[in-house]
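Q: Hey, dropping query28.cif in here, mmCIF, C-alpha atoms:
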data_upload
loop_
_atom_site.label_atom_id
_atom_site.label_comp_id
_atom_site.auth_asym_id
_atom_site.auth_seq_id
_atom_site.Cartn_x
_atom_site.Cartn_y
_atom_site.Cartn_z
CA MET W 1 48.63 17.17 30.40
CA PRO W 2 50.54 15.26 27.73
CA SER W 3 49.89 16.73 24.33
CA GLU W 4 50.31 13.41 22.55
CA LYS W 5 47.02 11.65 21.95
CA THR W 6 47.09 8.09 20.80
CA ASP W 7 44.57 6.77 18.35
CA LEU W 8 42.74 3.69 19.49
CA LEU W 9 43.80 0.46 17.85
CA GLN W 10 41.22 -1.07 15.57
CA GLY W 11 38.94 -3.33 17.56
CA THR W 12 40.00 -2.15 21.00
CA LEU W 13 37.23 0.44 21.39
CA ASP W 14 34.54 -2.22 21.95
CA MET W 15 36.64 -3.87 24.64
CA LEU W 16 37.31 -0.57 26.44
CA ILE W 17 33.63 0.37 26.35
CA LEU W 18 32.65 -3.02 27.78
CA LYS W 19 35.23 -2.61 30.54
CA ILE W 20 34.03 0.86 31.52
CA VAL W 21 30.38 -0.16 31.44
CA ALA W 22 31.29 -3.17 33.61
CA LEU W 23 32.18 -0.69 36.38
CA GLY W 24 28.52 0.40 36.62
CA ALA W 25 25.59 1.83 34.71
CA ILE W 26 26.81 4.80 32.70
CA HIS W 27 25.73 7.07 29.83
CA GLY W 28 27.62 7.82 26.64
CA TYR W 29 29.06 11.15 27.68
CA ALA W 30 30.40 9.75 30.96
CA ILE W 31 31.98 6.84 29.07
CA SER W 32 34.00 9.22 26.90
CA GLN W 33 35.04 11.23 29.97
CA ARG W 34 36.00 8.22 32.04
CA MET W 35 38.04 6.77 29.20
CA GLN W 36 39.97 10.01 28.96
CA GLN W 37 40.46 10.23 32.75
CA ILE W 38 41.53 6.64 33.36
CA SER W 39 43.97 6.70 30.44
CA GLY W 40 45.54 9.88 31.82
CA ASP W 41 44.29 11.91 28.84
CA VAL W 42 46.15 9.67 26.41
CA LEU W 43 43.07 8.08 24.88
CA GLN W 44 40.29 10.21 23.56
CA VAL W 45 37.33 8.61 21.84
CA GLN W 46 35.51 10.57 19.15
CA GLN W 47 31.74 10.80 19.41
CA GLY W 48 31.60 9.64 15.81
CA SER W 49 33.09 6.31 16.91
CA LEU W 50 31.63 6.05 20.40
CA TYR W 51 27.92 6.15 19.60
CA PRO W 52 27.92 3.73 16.65
CA ALA W 53 30.00 1.38 18.84
CA LEU W 54 27.50 1.65 21.70
CA HIS W 55 24.62 0.88 19.36
CA ARG W 56 26.52 -2.03 17.87
CA LEU W 57 27.24 -3.51 21.30
CA GLU W 58 23.61 -3.02 22.32
CA ASN W 59 22.45 -4.75 19.15
CA ARG W 60 24.74 -7.71 19.76
CA GLY W 61 23.14 -8.08 23.17
CA TRP W 62 26.31 -7.24 25.11
CA LEU W 63 24.92 -4.00 26.50
CA ARG W 64 21.48 -3.20 27.81
CA ALA W 65 20.20 0.38 27.56
CA GLU W 66 17.78 2.11 29.87
CA TRP W 67 16.54 5.68 30.09
CA ARG W 68 16.67 7.26 33.51
CA ALA W 69 17.41 10.56 35.19
CA SER W 70 21.07 11.59 35.09
CA GLU W 71 22.97 13.54 37.74
CA SER W 72 21.88 16.76 36.03
CA GLY W 73 18.21 15.74 36.28
CA ARG W 74 17.75 15.24 32.58
CA ASP W 75 16.90 11.80 31.22
CA ALA W 76 19.88 10.01 29.72
CA LYS W 77 20.47 6.63 28.13
CA PHE W 78 22.35 4.48 30.64
CA TYR W 79 24.16 1.38 29.52
CA THR W 80 24.73 -1.73 31.62
CA LEU W 81 26.63 -4.93 30.86
CA THR W 82 24.62 -8.08 30.11
CA LYS W 83 25.74 -11.60 30.99
CA ALA W 84 26.80 -12.15 27.35
CA GLY W 85 28.65 -8.83 27.50
CA ARG W 86 30.56 -9.94 30.60
CA LYS W 87 31.61 -13.12 28.81
CA GLN W 88 32.67 -11.15 25.73
CA LEU W 89 34.73 -8.78 27.88
CA ASP W 90 36.53 -11.72 29.53
CA THR W 91 37.26 -13.28 26.13
CA GLU W 92 38.54 -10.04 24.64
CA THR W 93 40.63 -9.20 27.70
CA ALA W 94 42.29 -12.63 27.63
CA GLN W 95 42.98 -12.28 23.91
CA TRP W 96 44.41 -8.82 24.37
CA GLU W 97 46.70 -9.88 27.16
CA ARG W 98 48.03 -12.77 25.13
CA LEU W 99 48.63 -10.51 22.12
CA ALA W 100 50.29 -7.76 24.19
CA GLU W 101 52.49 -10.36 25.89
CA ALA W 102 53.56 -11.78 22.52
CA ILE W 103 54.31 -8.38 21.02
CA GLY W 104 56.19 -7.38 24.19
CA SER W 105 58.38 -10.47 24.04
CA ILE W 106 59.35 -9.73 20.46
CA LEU W 107 60.11 -6.07 21.15
CA ARG W 108 62.17 -6.92 24.26
CA THR W 109 64.40 -9.31 22.34
CA ALA W 110 67.99 -8.08 22.65
CA GLU W 111 69.70 -7.17 19.43
CA MET R 1 -0.03 -4.55 12.10
CA SER R 2 3.63 -5.33 12.19
CA TRP R 3 4.65 -2.75 9.57
CA MET R 4 3.08 -0.04 11.73
CA ASP R 5 5.01 -1.34 14.72
CA THR R 6 8.16 -1.20 12.63
CA LEU R 7 7.39 2.35 11.53
CA PHE R 8 6.71 3.62 15.04
CA ARG R 9 9.65 1.70 16.42
CA ARG R 10 11.92 3.36 13.89
CA GLN R 11 10.55 6.77 14.81
CA ARG R 12 11.08 6.06 18.50
CA ILE R 13 14.62 4.82 17.91
CA ASP R 14 15.42 7.95 15.87
CA ARG R 15 14.03 10.21 18.56
CA GLN R 16 16.00 8.43 21.27
CA LEU R 17 19.14 8.65 19.15
CA ALA R 18 18.66 12.41 18.79
CA ASP R 19 18.03 12.73 22.55
CA GLU R 20 21.12 10.72 23.37
CA LEU R 21 23.40 12.87 21.21
CA GLU R 22 21.72 16.07 22.41
CA PHE R 23 22.39 15.01 26.00
CA HIS R 24 26.05 14.51 25.19
CA ILE R 25 26.34 17.94 23.54
CA GLU R 26 24.56 19.63 26.43
CA SER R 27 26.66 17.94 29.12
CA ARG R 28 29.91 18.70 27.32
CA THR R 29 28.91 22.35 26.86
CA ARG R 30 27.98 22.67 30.53
CA ASP R 31 31.31 21.16 31.62
CA LEU R 32 33.23 23.57 29.38
CA VAL R 33 31.27 26.53 30.75
CA GLU R 34 32.13 25.37 34.29
CA THR R 35 35.83 25.52 33.44
CA GLY R 36 35.39 29.17 32.48
CA VAL R 37 34.76 29.05 28.73
CA PRO R 38 32.11 31.58 27.59
CA ALA R 39 28.81 29.90 26.66
CA ALA R 40 28.86 30.81 22.96
CA GLU R 41 32.49 29.71 22.59
CA ALA R 42 31.74 26.45 24.43
CA ARG R 43 28.83 25.67 22.12
CA ARG R 44 30.94 26.36 19.06
CA ARG R 45 33.78 24.18 20.30
CA VAL R 46 31.44 21.27 21.11
CA ARG R 47 29.84 21.45 17.66
CA MET R 48 33.29 21.26 16.13
CA GLU R 49 34.31 18.32 18.33
CA PHE R 50 31.16 16.48 17.40
CA GLY R 51 31.77 16.93 13.69
CA GLY R 52 28.24 16.65 12.33
CA THR R 53 25.48 15.14 14.44
CA GLU R 54 23.76 13.80 11.33
CA SER R 55 26.71 11.69 10.21
CA VAL R 56 26.99 10.19 13.71
CA LYS R 57 23.27 9.38 13.59
CA ASP R 58 23.70 7.80 10.17
CA ASP R 59 26.49 5.57 11.44
CA CYS R 60 24.30 4.47 14.37
CA ARG R 61 21.44 3.67 12.00
CA ASP R 62 23.79 1.69 9.74
CA VAL R 63 24.65 -0.50 12.70
CA ARG R 64 20.97 -1.37 13.13
CA ARG R 65 20.45 -1.85 9.41
CA GLY R 66 23.36 -4.29 9.28
CA ARG R 67 21.71 -6.16 12.11
CA PHE R 68 18.44 -6.30 10.15
CA ILE R 69 20.15 -7.94 7.16
CA GLU R 70 21.90 -10.43 9.43
CA GLU R 71 18.56 -11.40 10.98
CA LEU R 72 16.97 -11.73 7.56
CA PHE R 73 19.59 -14.28 6.50
CA LYS R 74 19.16 -16.13 9.77
CA ASP R 75 15.41 -16.31 9.14
CA LEU R 76 15.96 -17.56 5.59
CA ARG R 77 18.32 -20.27 6.78
CA TYR R 78 15.80 -21.29 9.42
CA ALA R 79 13.01 -21.43 6.80
CA LEU R 80 15.11 -23.70 4.58
CA ARG R 81 15.83 -26.00 7.50
CA VAL R 82 12.12 -26.31 8.29
CA PHE R 83 11.38 -27.03 4.61
CA ARG R 84 13.78 -29.93 4.66
CA LYS R 85 12.37 -31.29 7.90
CA THR R 86 8.70 -31.35 6.78
CA PRO R 87 8.82 -31.78 2.99
CA ALA R 88 5.14 -32.81 2.56
CA PHE R 89 3.78 -29.77 4.35
CA SER R 90 6.27 -27.48 2.62
CA LEU R 91 5.36 -28.87 -0.80
CA ALA R 92 1.62 -28.38 -0.12
CA ALA R 93 2.23 -24.80 1.03
CA ILE R 94 4.44 -24.02 -1.96
CA CYS R 95 1.91 -25.53 -4.44
CA THR R 96 -0.96 -23.58 -2.87
CA LEU R 97 0.99 -20.36 -3.13
CA ALA R 98 2.17 -21.10 -6.67
CA LEU R 99 -1.35 -21.89 -7.92
CA GLY R 100 -2.85 -18.89 -6.12
CA ILE R 101 -0.26 -16.47 -7.44
CA GLY R 102 -0.38 -18.04 -10.92
CA ALA R 103 -4.18 -17.74 -11.14
CA CYS R 104 -4.12 -14.13 -9.96
CA ALA R 105 -1.40 -13.28 -12.48
CA ALA R 106 -3.34 -14.92 -15.33
CA VAL R 107 -6.57 -13.09 -14.47
CA PHE R 108 -4.76 -9.82 -14.12
CA THR R 109 -3.04 -10.28 -17.50
CA VAL R 110 -6.48 -10.54 -19.13
CA VAL R 111 -7.99 -7.64 -17.18
CA ASP R 112 -4.94 -5.51 -17.94
CA ALA R 113 -5.09 -6.22 -21.68
CA VAL R 114 -8.87 -5.82 -21.98
CA LEU R 115 -9.71 -3.07 -19.52
CA LEU R 116 -6.68 -1.22 -18.29
CA ARG R 117 -4.27 -0.88 -21.20
CA PRO R 118 -5.11 1.96 -23.62
CA LEU R 119 -6.00 1.08 -27.24
CA PRO R 120 -2.93 0.62 -29.45
CA TYR R 121 -3.66 3.78 -31.47
CA PRO R 122 -2.37 7.31 -31.15
CA GLU R 123 -4.54 9.49 -28.86
CA PRO R 124 -6.86 6.64 -27.78
CA ASP R 125 -8.79 9.05 -25.54
CA ARG R 126 -10.13 10.79 -28.68
CA LEU R 127 -11.54 7.59 -30.21
CA VAL R 128 -15.24 6.81 -29.66
CA LYS R 129 -17.53 4.06 -30.85
CA ALA R 130 -21.03 5.40 -31.66
CA LEU R 131 -24.09 3.14 -31.49
CA THR R 132 -27.76 3.82 -32.10
CA LYS R 133 -30.55 3.47 -29.58
CA ASN R 134 -34.18 2.85 -30.61
CA PRO R 135 -36.44 2.57 -27.56
CA GLN R 136 -39.58 1.99 -29.65
CA LEU R 137 -38.10 -1.15 -31.14
CA GLY R 138 -36.31 -2.05 -27.92
CA VAL R 139 -32.87 -1.71 -29.57
CA LYS R 140 -30.16 -0.62 -27.12
CA ASN R 141 -26.87 -0.72 -28.99
CA GLY R 142 -27.95 -1.12 -32.57
CA PRO R 143 -26.36 -0.55 -35.94
CA THR R 144 -26.49 2.79 -37.69
CA SER R 145 -28.42 3.76 -40.81
CA LEU R 146 -26.68 5.41 -43.76
CA PRO R 147 -28.54 8.77 -43.32
CA ASP R 148 -27.50 8.87 -39.63
CA TYR R 149 -23.90 8.26 -40.67
CA LEU R 150 -24.07 11.09 -43.22
CA ASP R 151 -25.55 13.43 -40.57
CA TRP R 152 -22.79 12.57 -38.06
CA ARG R 153 -20.10 13.02 -40.70
CA ASP R 154 -21.37 16.47 -41.72
CA SER R 155 -22.24 17.65 -38.18
CA GLY R 156 -18.67 18.81 -37.46
CA VAL R 157 -18.78 17.19 -33.99
CA PHE R 158 -16.21 14.57 -34.99
CA GLU R 159 -12.92 15.17 -36.72
CA SER R 160 -13.54 12.11 -38.84
CA VAL R 161 -16.28 9.45 -38.96
CA GLY R 162 -16.15 6.01 -40.47
CA ILE R 163 -18.63 3.12 -40.56
CA TYR R 164 -18.01 -0.54 -41.07
CA VAL R 165 -20.01 -3.71 -41.41
CA THR R 166 -18.65 -7.17 -40.61
CA ASP R 167 -19.32 -10.39 -42.44
CA ASN R 168 -17.99 -13.92 -42.68
CA ALA R 169 -16.13 -15.37 -45.60
CA VAL R 170 -14.18 -18.49 -46.47
CA LEU R 171 -10.53 -17.99 -47.30
CA SER R 172 -8.98 -20.70 -49.45
CA ILE R 173 -5.27 -20.92 -50.06
CA ALA R 174 -4.08 -23.97 -52.01
CA ALA R 175 -5.89 -26.94 -50.49
CA GLN R 176 -6.58 -25.20 -47.17
CA SER R 177 -9.80 -23.35 -46.34
CA GLU R 178 -10.47 -21.21 -43.30
CA ARG R 179 -13.45 -19.20 -42.08
CA VAL R 180 -12.48 -15.55 -41.54
CA VAL R 181 -14.27 -12.42 -40.34
CA THR R 182 -14.26 -9.63 -42.92
CA ALA R 183 -15.17 -5.98 -42.60
CA THR R 184 -16.23 -3.43 -45.18
CA ALA R 185 -15.47 0.11 -44.05
CA THR R 186 -15.57 3.68 -45.31
CA ASP R 187 -12.38 5.72 -45.68
CA GLY R 188 -13.13 7.68 -42.48
CA SER R 189 -12.16 4.59 -40.46
CA TRP R 190 -8.49 5.00 -41.46
CA ARG R 191 -8.10 8.74 -41.08
CA PRO R 192 -5.12 9.54 -38.86
#
Using structure tokens, write down the structure from this file.
A:
Amino acid sequence: MPSEKTDLLQGTLDMLILKIVALGAIHGYAISQRMQQISGDVLQVQQGSLYPALHRLENRGWLRAEWRASESGRDAKFYTLTKAGRKQLDTETAQWERLAEAIGSILRTAE
Amino acid sequence: MSWMDTLFRRQRIDRQLADELEFHIESRTRDLVETGVPAAEARRRVRMEFGGTESVKDDCRDVRRGRFIEELFKDLRYALRVFRKTPAFSLAAICTLALGIGACAAVFTVVDAVLLRPLPYPEPDRLVKALTKNPQLGVKNGPTSLPDYLDWRDSGVFESVGIYVTDNAVLSIAAQSERVVTATATDGSWRP
């Protein structure tokens, strides 16, 4: 397990949450776990950022929340992506790719 | 009863928020215990990771509050647009409200000054106005006789008693004359 943990860039948390929720209905705890797993333990989201972000995305109408039984039997708040959320994810992904591409080109420039 | 809806909605949202965070804490603790961490140690570690459930809740509530303000401005902008679209109706509504509120305010100003506001003297609750009743003559709130006044003054019931009688007079200054109300009073009327 790499010991280096990278802080999330400002503004990327919303996009990552939307992406993970797009994979299927999921509750907050599983989102934080999946983010850590998929990123190979590099990215770790703090609960203090995760939950306000989830509520913000729900308020904007990008996520829909629903209470239902979790795998442990207890009721949990499951989030799913709305149509508007899907559109937002596509927009943000495209923007991110363009930005990453641009930054990459600059950094790859030979001295 | 929309304010009751709002109240209950807020309570429900707060409860759900608490449940959601509690679920997270419980799941994380269970996962730690499954990896071999003792229960007490797992709970302690999760609390530390979480760093204050209340502050997380506050941040979530702020998100909703921000939304509320946004919606308020949207509503205001919409209201202004409608005003501009139907000026006659808007003007009638505004005038009705203005007159209604104005009349209520005027009436209340009078009621407040006459009935609600205490007298502009120190200790107004200790001031009384005494009147005489004479059922035989059918007098309800009549004037007082001099002997009655002397009896009241010497009875020790009141700290100080004064009587006055009002009259009318004409006040003339230079070429101007004005009718004024005068009063003749005993010294008890001015006792502090």
Q: Find the spatial neighbours of segment 27-44 of chain R, counting all atoms listed in the file, within a cut-off of 10 Å - ignore same-chain residues fewer than 5 positions away - and output them as an MDAnalysis selection string.
A: (chainID W and resid 29:30 33 72 74) or (chainID R and resid 21:22 49)
Q: Using atom CA of Thr166 of chain R and atom CA of Leu131 of chain R as the two end points, give the distance in Å to one decimal.
A: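 Atom CA of Leu131 of chain R lies at a distance of 14.8 Å from atom CA of Thr166 of chain R.
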Q: So which residues get picked by the PyMOL selection byres ((chain W and resi 78) around 8) here, written as number ranges by chain?
A: W: 25-28, 65-68, 76-77, 79-80
Q: Going by the chain IDs and residue numbers used in this file, which residues fall under the PyMOL selection byres ((chain R) within 12 of (chain W))? Write them as number ranges by chain.
A: R: 13, 16-31, 46-68, 70-71
Q: For the structure provided, state which residues fall under the PyMOL selection byres ((chain R and resi 184) around 9), and present them as a ChimeraX atom specification.
A: /R:163-167,182-183,185-186
Q: Just give me the gap between atom CA of Arg34 of chain W and atom CA of Ile17 of chain W in Å, one decimal is fine.
A: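 One can read the atom CA of Arg34 of chain W to atom CA of Ile17 of chain W distance as 10.0 Å.
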Q: List the neighbours of Gly61 of chain W out to 8 Å using all atoms listed in the file; skip same-chain residues closer than 4 positions along the sequence, and give me the result as a PDB file with C-alpha atoms, in the frame of the given file.
A:
ATOM      1  CA  LEU W  57      27.240  -3.510  21.300  1.00  0.00           C
ATOM      2  CA  THR W  82      24.620  -8.080  30.110  1.00  0.00           C
ATOM      3  CA  ALA W  84      26.800 -12.150  27.350  1.00  0.00           C
ATOM      4  CA  GLY W  85      28.650  -8.830  27.500  1.00  0.00           C
TER       5      GLY W  85
END
Q: In Å, with one decimal, what is the gap from atom CA of Gly100 of chain R to atom CA of Ala79 of chain R?
A: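 Interatomic distance here is 20.6 Å.
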Q: With distances taken over only C-alpha atoms, which residue among W:Gly104, W:Val21, W:Leu63, W:Leu16 lies nearest Ser39 of chain W?
A: W:Leu16
Q: Mind completing segment 28-41 of chain R with N, CA and C atoms? Output as a CSV table (one decimal), keeping the file's coordinate frame, please?
A:
chain,number,residue,atom,x,y,z
R,28,ARG,N,28.6,18.3,27.6
R,28,ARG,CA,29.9,18.7,27.3
R,28,ARG,C,30.0,20.2,27.4
R,29,THR,N,28.9,20.9,26.8
R,29,THR,CA,28.9,22.4,26.9
R,29,THR,C,28.9,22.9,28.3
R,30,ARG,N,28.1,22.2,29.1
R,30,ARG,CA,28.0,22.7,30.5
R,30,ARG,C,29.3,22.5,31.2
R,31,ASP,N,30.0,21.4,31.0
R,31,ASP,CA,31.3,21.2,31.6
R,31,ASP,C,32.3,22.2,31.2
R,32,LEU,N,32.3,22.6,29.9
R,32,LEU,CA,33.2,23.6,29.4
R,32,LEU,C,33.0,24.9,30.0
R,33,VAL,N,31.6,25.3,30.1
R,33,VAL,CA,31.3,26.5,30.8
R,33,VAL,C,31.8,26.6,32.2
R,34,GLU,N,31.7,25.4,32.9
R,34,GLU,CA,32.1,25.4,34.3
R,34,GLU,C,33.6,25.6,34.4
R,35,THR,N,34.4,25.3,33.4
R,35,THR,CA,35.8,25.5,33.4
R,35,THR,C,36.2,26.9,33.0
R,36,GLY,N,35.1,27.8,32.7
R,36,GLY,CA,35.4,29.2,32.5
R,36,GLY,C,35.3,29.6,31.0
R,37,VAL,N,34.9,28.7,30.1
R,37,VAL,CA,34.8,29.0,28.7
R,37,VAL,C,33.4,29.8,28.5
R,38,PRO,N,33.4,30.9,27.8
R,38,PRO,CA,32.1,31.6,27.6
R,38,PRO,C,31.1,30.7,26.9
R,39,ALA,N,29.8,30.8,27.2
R,39,ALA,CA,28.8,29.9,26.7
R,39,ALA,C,28.8,29.7,25.1
R,40,ALA,N,28.9,30.9,24.4
R,40,ALA,CA,28.9,30.8,23.0
R,40,ALA,C,30.1,30.1,22.4
R,41,GLU,N,31.3,30.4,23.0
R,41,GLU,CA,32.5,29.7,22.6
R,41,GLU,C,32.4,28.2,22.9
